[in-house]
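Asker: What follows is a single structure, and I will ask about it in a moment.
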Amino acid sequence: MVDPSYVGGIELVGTKIVLAIGMSDGRILARKMVPTRQPESVLPEICDFFRNCGYALSGLGVGAFGPIIIDPAAPDYGHLLDTNKPGWSGFDLLGALTAELGLPVRLVTDVGAAALGEARLGALRGAGLGIYLTVGTGIGGAIVAHGDLLPAMLHPEMGHIALQRRAGDDAPSVCHFHANCAEGLAAGPAVLQRFGQPLSRCVVGGEAHLLMGDYLGQLCANLMLALSPHRIVLGGGVGSTPGLIREVHRAMLSHLGGYAMVGIDTAGFLCAPALGEDAGIFGALLCAVQSDDHETR
């Protein structure tokens, strides 16, 4: 018998997949992590986890890497678009999960799931309009308003917003699409290309920190001008580098040049995730609570 108290969650990212059974308030009862592999290899393991969990689940929430169609009204809802993840381009993730498990599913991006977790349980709680940015092997972002994701035709691609290069920076962009986007200039691979090591191993306050802080500060300034959020959360492997948030905040204020500064010059405006690496799976479980409002395919 289905119990509305119990839900399942999946956080599907580039290198790992986190599976969880939880309560409707986001509490986790059981979890498992498996490496991300091609769908025909990993999907049976995912489905076995939920079939054999010992709970009668009422829904499943999924936060998945993109690009992926997350509009429930779209005919190809739940399909991945072209991606560099082997075997996943064009894959019908929603269709495969519902066919195997027979559960109502709500699908968002992996960043969207983390944003929901922070909005309901973490650092974006109480922020009318909040932005969650993750900076790691790529840069992703999500917008939450009053505790839920803003609807969109696809999903925000904040990492591909164009930036102005600092004078003398002629390093090639690591983005295959854009020469000057935030992801191409400031994500983890860009740091490795320029400095030969992760940002966490670079000297705090040194050239690497100042350059990455400047580019991420530009990105945050652009988001401030476009959306005027009440708070920005900066997470991810690069984003969690000690001292980086402080430098990004300083650079953001500098790029704004004193314009539109109301309420953004305090230390708490730009902050780290309160849920850390668990933000995505908490958000996926919270998505599952709302899965009955979305058509199961």
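We name chains A, B, ... following the order of the structure tokens; residues begin at 1 in each chain, and ligands are numbered from 1 as shown.
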I need the residues in stretch 13-259 of chain A that are helix (DSSP H, G or I) according to DSSP; give them as a ChimeraX atom specification.

Answerer: /A:39-51,93-101,110-121,158-160,182-186,188-195,199-201,207-227,236-239,244-256

Asker: Limited to C-alpha atoms, could you put the picked residues into a file as a CSV table (one decimal), in the first residue's frame?

Answerer:
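Dumped everything to out_26.csv:
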```csv
chain,number,residue,atom,x,y,z
A,39,PRO,CA,22.0,4.3,-19.0
A,40,GLU,CA,21.5,0.6,-20.1
A,41,SER,CA,24.2,-0.3,-17.5
A,42,VAL,CA,23.1,1.8,-14.5
A,43,LEU,CA,19.3,1.9,-14.9
A,44,PRO,CA,18.8,-1.7,-13.6
A,45,GLU,CA,20.8,-0.9,-10.5
A,46,ILE,CA,18.8,2.3,-9.9
A,47,CYS,CA,15.4,0.5,-10.3
A,48,ASP,CA,16.5,-2.4,-8.1
A,49,PHE,CA,17.3,0.0,-5.3
A,50,PHE,CA,13.7,1.4,-5.3
A,51,ARG,CA,12.0,-1.9,-5.9
A,93,LEU,CA,15.1,9.3,-18.7
A,94,LEU,CA,11.5,10.0,-17.5
A,95,GLY,CA,10.0,7.3,-19.7
A,96,ALA,CA,12.5,4.7,-18.6
A,97,LEU,CA,12.0,5.4,-14.9
A,98,THR,CA,8.2,5.4,-15.1
A,99,ALA,CA,8.0,2.3,-17.2
A,100,GLU,CA,10.2,0.4,-14.7
A,101,LEU,CA,8.9,1.8,-11.4
A,110,ASP,CA,20.6,18.6,-10.8
A,111,VAL,CA,21.2,22.3,-10.0
A,112,GLY,CA,17.5,22.9,-9.7
A,113,ALA,CA,17.2,20.1,-7.1
A,114,ALA,CA,20.1,21.6,-5.1
A,115,ALA,CA,18.4,25.0,-5.3
A,116,LEU,CA,15.1,23.5,-4.0
A,117,GLY,CA,16.9,21.9,-1.2
A,118,GLU,CA,18.5,25.2,-0.2
A,119,ALA,CA,15.3,27.1,-0.6
A,120,ARG,CA,13.2,24.8,1.6
A,121,LEU,CA,15.8,23.7,4.2
A,158,MET,CA,24.0,30.9,-16.3
A,159,GLY,CA,27.4,29.3,-16.9
A,160,HIS,CA,27.2,30.4,-20.5
A,182,ALA,CA,31.7,32.1,-17.4
A,183,GLU,CA,32.1,28.3,-17.7
A,184,GLY,CA,34.8,28.6,-20.3
A,185,LEU,CA,36.8,31.0,-18.2
A,186,ALA,CA,36.1,30.1,-14.6
A,188,GLY,CA,37.4,23.8,-12.8
A,189,PRO,CA,38.9,22.8,-16.2
A,190,ALA,CA,39.7,26.4,-16.9
A,191,VAL,CA,41.6,26.7,-13.6
A,192,LEU,CA,43.5,23.5,-14.4
A,193,GLN,CA,44.4,24.7,-17.9
A,194,ARG,CA,45.7,28.0,-16.6
A,195,PHE,CA,47.4,27.1,-13.3
A,199,LEU,CA,41.9,26.3,-7.2
A,200,SER,CA,41.9,24.8,-3.7
A,201,ARG,CA,45.6,24.2,-4.0
A,207,GLU,CA,46.7,35.3,-9.0
A,208,ALA,CA,44.4,32.3,-9.5
A,209,HIS,CA,42.0,33.4,-6.7
A,210,LEU,CA,41.9,37.0,-8.0
A,211,LEU,CA,41.2,36.0,-11.6
A,212,MET,CA,38.5,33.4,-10.8
A,213,GLY,CA,37.0,35.8,-8.2
A,214,ASP,CA,36.8,38.5,-10.8
A,215,TYR,CA,35.1,36.3,-13.4
A,216,LEU,CA,32.6,34.9,-10.9
A,217,GLY,CA,32.0,38.3,-9.5
A,218,GLN,CA,31.2,39.6,-13.0
A,219,LEU,CA,28.7,36.7,-13.3
A,220,CYS,CA,27.1,37.5,-10.0
A,221,ALA,CA,26.9,41.2,-10.9
A,222,ASN,CA,25.2,40.4,-14.2
A,223,LEU,CA,22.7,38.2,-12.3
A,224,MET,CA,22.1,41.0,-9.8
A,225,LEU,CA,21.2,43.4,-12.6
A,226,ALA,CA,19.0,41.0,-14.5
A,227,LEU,CA,17.1,39.4,-11.6
A,236,GLY,CA,30.3,23.3,-6.1
A,237,GLY,CA,33.9,22.0,-5.9
A,238,VAL,CA,35.4,25.3,-7.1
A,239,GLY,CA,32.8,27.4,-5.3
A,244,LEU,CA,36.7,32.4,-2.8
A,245,ILE,CA,33.2,33.6,-1.8
A,246,ARG,CA,34.7,36.7,-0.1
A,247,GLU,CA,36.7,37.5,-3.2
A,248,VAL,CA,33.7,36.9,-5.5
A,249,HIS,CA,31.5,39.2,-3.3
A,250,ARG,CA,34.2,42.0,-3.4
A,251,ALA,CA,34.5,41.6,-7.2
A,252,MET,CA,30.7,41.7,-7.7
A,253,LEU,CA,30.4,45.0,-5.8
A,254,SER,CA,33.3,46.4,-7.8
A,255,HIS,CA,31.8,45.5,-11.1
A,256,LEU,CA,28.4,47.0,-10.1
```

Asker: Given the choices A:Leu285, A:Cys181, A:Ala171, A:Leu80, which gets closest to A:Ile28 if the distance is worked out from only C-alpha atoms?

Answerer: A:Leu285

Asker: Counting only C-alpha atoms, what are the residues of stretch 9-43 of chain A within 12 Å of stretch 131-147 of chain A, and for each of them which pair of atoms is the nearest and at what distance in Å, to one decimal? Sort the table by chain and rising number, as a tab-separated table.

Answerer:
```
residue	atom	partner	partner_atom	distance
A:Val13	CA	A:Thr137	CA	10.9
A:Gly14	CA	A:Thr137	CA	9.1
A:Thr15	CA	A:Thr137	CA	10.3
```

Asker: Keeping only N, CA and C atoms, write the selected residues as a PDB file, in the first residue's frame.

Answerer:
```
ATOM      1  N   VAL A  13      24.312  13.164 -11.517  1.00  0.00           N
ATOM      2  CA  VAL A  13      25.304  14.136 -11.964  1.00  0.00           C
ATOM      3  C   VAL A  13      26.355  13.423 -12.803  1.00  0.00           C
ATOM      4  N   GLY A  14      27.324  14.182 -13.272  1.00  0.00           N
ATOM      5  CA  GLY A  14      28.245  13.651 -14.260  1.00  0.00           C
ATOM      6  C   GLY A  14      29.070  12.469 -13.815  1.00  0.00           C
ATOM      7  N   THR A  15      29.455  12.421 -12.553  1.00  0.00           N
ATOM      8  CA  THR A  15      30.353  11.363 -12.084  1.00  0.00           C
ATOM      9  C   THR A  15      29.690  10.373 -11.138  1.00  0.00           C
TER      10      THR A  15
END
```

Asker: Mind dumping a table of every stretch 102-208 of chain A residue within 10 Å of stretch 54-71 of chain A, with the nearest atom pair and its distance in Å to one decimal, using only C-alpha atoms, sorted by chain and rising number, as a tab-separated table?

Answerer:
```
residue	atom	partner	partner_atom	distance
A:Gly102	CA	A:Gly59	CA	9.1
A:Leu103	CA	A:Gly59	CA	5.4
A:Pro104	CA	A:Gly59	CA	5.0
A:Val105	CA	A:Leu60	CA	4.8
A:Arg106	CA	A:Gly61	CA	5.0
A:Leu107	CA	A:Val62	CA	4.8
A:Val108	CA	A:Gly63	CA	4.9
A:Thr109	CA	A:Ala64	CA	4.7
A:Asp110	CA	A:Gly63	CA	4.0
A:Val111	CA	A:Gly63	CA	7.3
A:Gly112	CA	A:Gly63	CA	6.9
A:Ala113	CA	A:Gly63	CA	5.2
A:Ala114	CA	A:Gly63	CA	8.1
A:Gly140	CA	A:Phe65	CA	9.6
A:Pro151	CA	A:Asp71	CA	7.7
A:Ala152	CA	A:Asp71	CA	7.3
A:Met153	CA	A:Asp71	CA	6.6
A:Leu154	CA	A:Ile69	CA	5.9
A:His155	CA	A:Ile70	CA	7.4
A:Pro156	CA	A:Pro67	CA	9.9
A:Glu157	CA	A:Pro67	CA	9.0
```

Asker: Can those selected residues be exported to a file as a PDB file, in the first residue's frame so that it contains N, CA and C atoms?

Answerer:
```pdb
ATOM      1  N   GLY A 102       6.769   2.639 -12.283  1.00  0.00           N
ATOM      2  CA  GLY A 102       5.346   2.934 -12.179  1.00  0.00           C
ATOM      3  C   GLY A 102       5.009   3.994 -11.153  1.00  0.00           C
ATOM      4  N   LEU A 103       5.938   4.918 -10.900  1.00  0.00           N
ATOM      5  CA  LEU A 103       5.711   5.964  -9.900  1.00  0.00           C
ATOM      6  C   LEU A 103       5.515   7.317 -10.570  1.00  0.00           C
ATOM      7  N   PRO A 104       4.733   8.209  -9.960  1.00  0.00           N
ATOM      8  CA  PRO A 104       4.715   9.593 -10.431  1.00  0.00           C
ATOM      9  C   PRO A 104       6.107  10.198 -10.262  1.00  0.00           C
ATOM     10  N   VAL A 105       6.545  10.963 -11.260  1.00  0.00           N
ATOM     11  CA  VAL A 105       7.896  11.517 -11.251  1.00  0.00           C
ATOM     12  C   VAL A 105       7.835  13.020 -11.468  1.00  0.00           C
ATOM     13  N   ARG A 106       8.625  13.747 -10.680  1.00  0.00           N
ATOM     14  CA  ARG A 106       8.881  15.158 -10.993  1.00  0.00           C
ATOM     15  C   ARG A 106      10.359  15.283 -11.305  1.00  0.00           C
ATOM     16  N   LEU A 107      10.649  15.854 -12.474  1.00  0.00           N
ATOM     17  CA  LEU A 107      12.011  15.955 -12.972  1.00  0.00           C
ATOM     18  C   LEU A 107      12.458  17.408 -13.021  1.00  0.00           C
ATOM     19  N   VAL A 108      13.632  17.690 -12.457  1.00  0.00           N
ATOM     20  CA  VAL A 108      14.263  19.004 -12.550  1.00  0.00           C
ATOM     21  C   VAL A 108      15.737  18.768 -12.885  1.00  0.00           C
ATOM     22  N   THR A 109      16.488  19.832 -13.073  1.00  0.00           N
ATOM     23  CA  THR A 109      17.927  19.669 -13.278  1.00  0.00           C
ATOM     24  C   THR A 109      18.606  19.372 -11.949  1.00  0.00           C
ATOM     25  N   ASP A 110      19.852  18.885 -12.017  1.00  0.00           N
ATOM     26  CA  ASP A 110      20.599  18.636 -10.784  1.00  0.00           C
ATOM     27  C   ASP A 110      20.798  19.922  -9.993  1.00  0.00           C
ATOM     28  N   VAL A 111      21.058  21.022 -10.692  1.00  0.00           N
ATOM     29  CA  VAL A 111      21.216  22.306 -10.010  1.00  0.00           C
ATOM     30  C   VAL A 111      19.873  22.776  -9.450  1.00  0.00           C
ATOM     31  N   GLY A 112      18.803  22.521 -10.200  1.00  0.00           N
ATOM     32  CA  GLY A 112      17.478  22.885  -9.711  1.00  0.00           C
ATOM     33  C   GLY A 112      17.124  22.142  -8.438  1.00  0.00           C
ATOM     34  N   ALA A 113      17.489  20.855  -8.364  1.00  0.00           N
ATOM     35  CA  ALA A 113      17.231  20.090  -7.144  1.00  0.00           C
ATOM     36  C   ALA A 113      18.001  20.679  -5.965  1.00  0.00           C
ATOM     37  N   ALA A 114      19.270  21.018  -6.181  1.00  0.00           N
ATOM     38  CA  ALA A 114      20.064  21.620  -5.104  1.00  0.00           C
ATOM     39  C   ALA A 114      19.474  22.957  -4.676  1.00  0.00           C
ATOM     40  N   GLY A 140      26.608  25.852 -13.341  1.00  0.00           N
ATOM     41  CA  GLY A 140      25.164  25.771 -13.521  1.00  0.00           C
ATOM     42  C   GLY A 140      24.465  26.689 -12.551  1.00  0.00           C
ATOM     43  N   PRO A 151       9.383  28.484 -13.643  1.00  0.00           N
ATOM     44  CA  PRO A 151       9.215  27.703 -14.874  1.00  0.00           C
ATOM     45  C   PRO A 151       9.985  28.355 -16.013  1.00  0.00           C
ATOM     46  N   ALA A 152      10.443  27.540 -16.955  1.00  0.00           N
ATOM     47  CA  ALA A 152      11.221  28.042 -18.080  1.00  0.00           C
ATOM     48  C   ALA A 152      11.029  27.131 -19.278  1.00  0.00           C
ATOM     49  N   MET A 153      11.380  27.645 -20.465  1.00  0.00           N
ATOM     50  CA  MET A 153      11.245  26.837 -21.680  1.00  0.00           C
ATOM     51  C   MET A 153      12.195  25.641 -21.642  1.00  0.00           C
ATOM     52  N   LEU A 154      13.434  25.853 -21.204  1.00  0.00           N
ATOM     53  CA  LEU A 154      14.381  24.759 -21.006  1.00  0.00           C
ATOM     54  C   LEU A 154      14.811  24.816 -19.541  1.00  0.00           C
ATOM     55  N   HIS A 155      15.935  25.397 -19.255  1.00  0.00           N
ATOM     56  CA  HIS A 155      16.359  25.686 -17.885  1.00  0.00           C
ATOM     57  C   HIS A 155      17.476  26.717 -17.978  1.00  0.00           C
ATOM     58  N   PRO A 156      17.709  27.496 -16.928  1.00  0.00           N
ATOM     59  CA  PRO A 156      18.744  28.535 -17.008  1.00  0.00           C
ATOM     60  C   PRO A 156      20.110  27.938 -17.331  1.00  0.00           C
ATOM     61  N   GLU A 157      20.880  28.659 -18.130  1.00  0.00           N
ATOM     62  CA  GLU A 157      22.252  28.272 -18.458  1.00  0.00           C
ATOM     63  C   GLU A 157      23.167  29.430 -18.073  1.00  0.00           C
TER      64      GLU A 157
END
```

Asker: Among stretch 86-185 of chain A, which residues carry a DSSP assignment of strand (DSSP E or B), reported as a short mmCIF file (atom, residue, chain, number, x, y, z; two decimals) with C-alpha atoms, in the first residue's frame?

Answerer:
```
data_model
loop_
_atom_site.label_atom_id
_atom_site.label_comp_id
_atom_site.auth_asym_id
_atom_site.auth_seq_id
_atom_site.Cartn_x
_atom_site.Cartn_y
_atom_site.Cartn_z
CA ASP A 92 14.25 9.24 -22.38
CA VAL A 105 7.90 11.52 -11.25
CA ARG A 106 8.88 15.16 -10.99
CA LEU A 107 12.01 15.96 -12.97
CA VAL A 108 14.26 19.00 -12.55
CA THR A 109 17.93 19.67 -13.28
CA LEU A 129 13.94 35.30 -4.97
CA GLY A 130 17.14 33.31 -4.72
CA ILE A 131 19.85 32.07 -7.07
CA TYR A 132 21.85 28.88 -6.61
CA LEU A 133 25.15 28.74 -8.52
CA THR A 134 27.37 25.69 -8.65
CA VAL A 135 30.94 26.02 -9.91
CA ILE A 139 28.90 26.20 -14.02
CA GLY A 140 25.16 25.77 -13.52
CA GLY A 141 22.46 27.87 -11.95
CA ALA A 142 18.84 27.84 -10.88
CA ILE A 143 16.34 30.47 -9.79
CA VAL A 144 13.87 29.89 -6.96
CA ALA A 145 10.95 32.14 -6.09
CA ASP A 148 10.00 26.74 -5.91
CA LEU A 149 11.76 26.83 -9.25
CA ALA A 162 29.38 36.11 -21.61
CA CYS A 181 31.47 32.55 -21.18
#
```

Asker: From the set A:Gly235, A:Gly268, A:Gly283, A:Gly206, which residue has the shortest atom-to-atom contact distance to A:Ile10, counting only C-alpha atoms?

Answerer: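 Looking at the shortest contact to A:Ile10, the residue is A:Gly283.
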
Asker: Skipping near chain neighbours, those fewer than 2 positions away, what residues fall within 12 Å of A:Leu29 using only C-alpha atoms, listed as a ChimeraX atom specification?

Answerer: /A:5-9,19-27,31-32,53-55,282,285

Asker: Report, in Å to a single decimal, how far apart atom CA of A:Asp82 and atom CA of A:Ser240 are.

Answerer: 28.7 Å

Asker: For stretch 269-276 of chain A, find every residue with an atom within 6 Å (counting only C-alpha atoms), except residues of its own chain fewer than 3 positions away, and show them as a VMD selection string.

Answerer: chain A and resid 122 to 123 231 to 235 264 266 279

Asker: Any idea what the distance is between atom CA of A:His230 and atom CA of A:Ala127?

Answerer: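 Distance between the two atoms: 5.7 Å.
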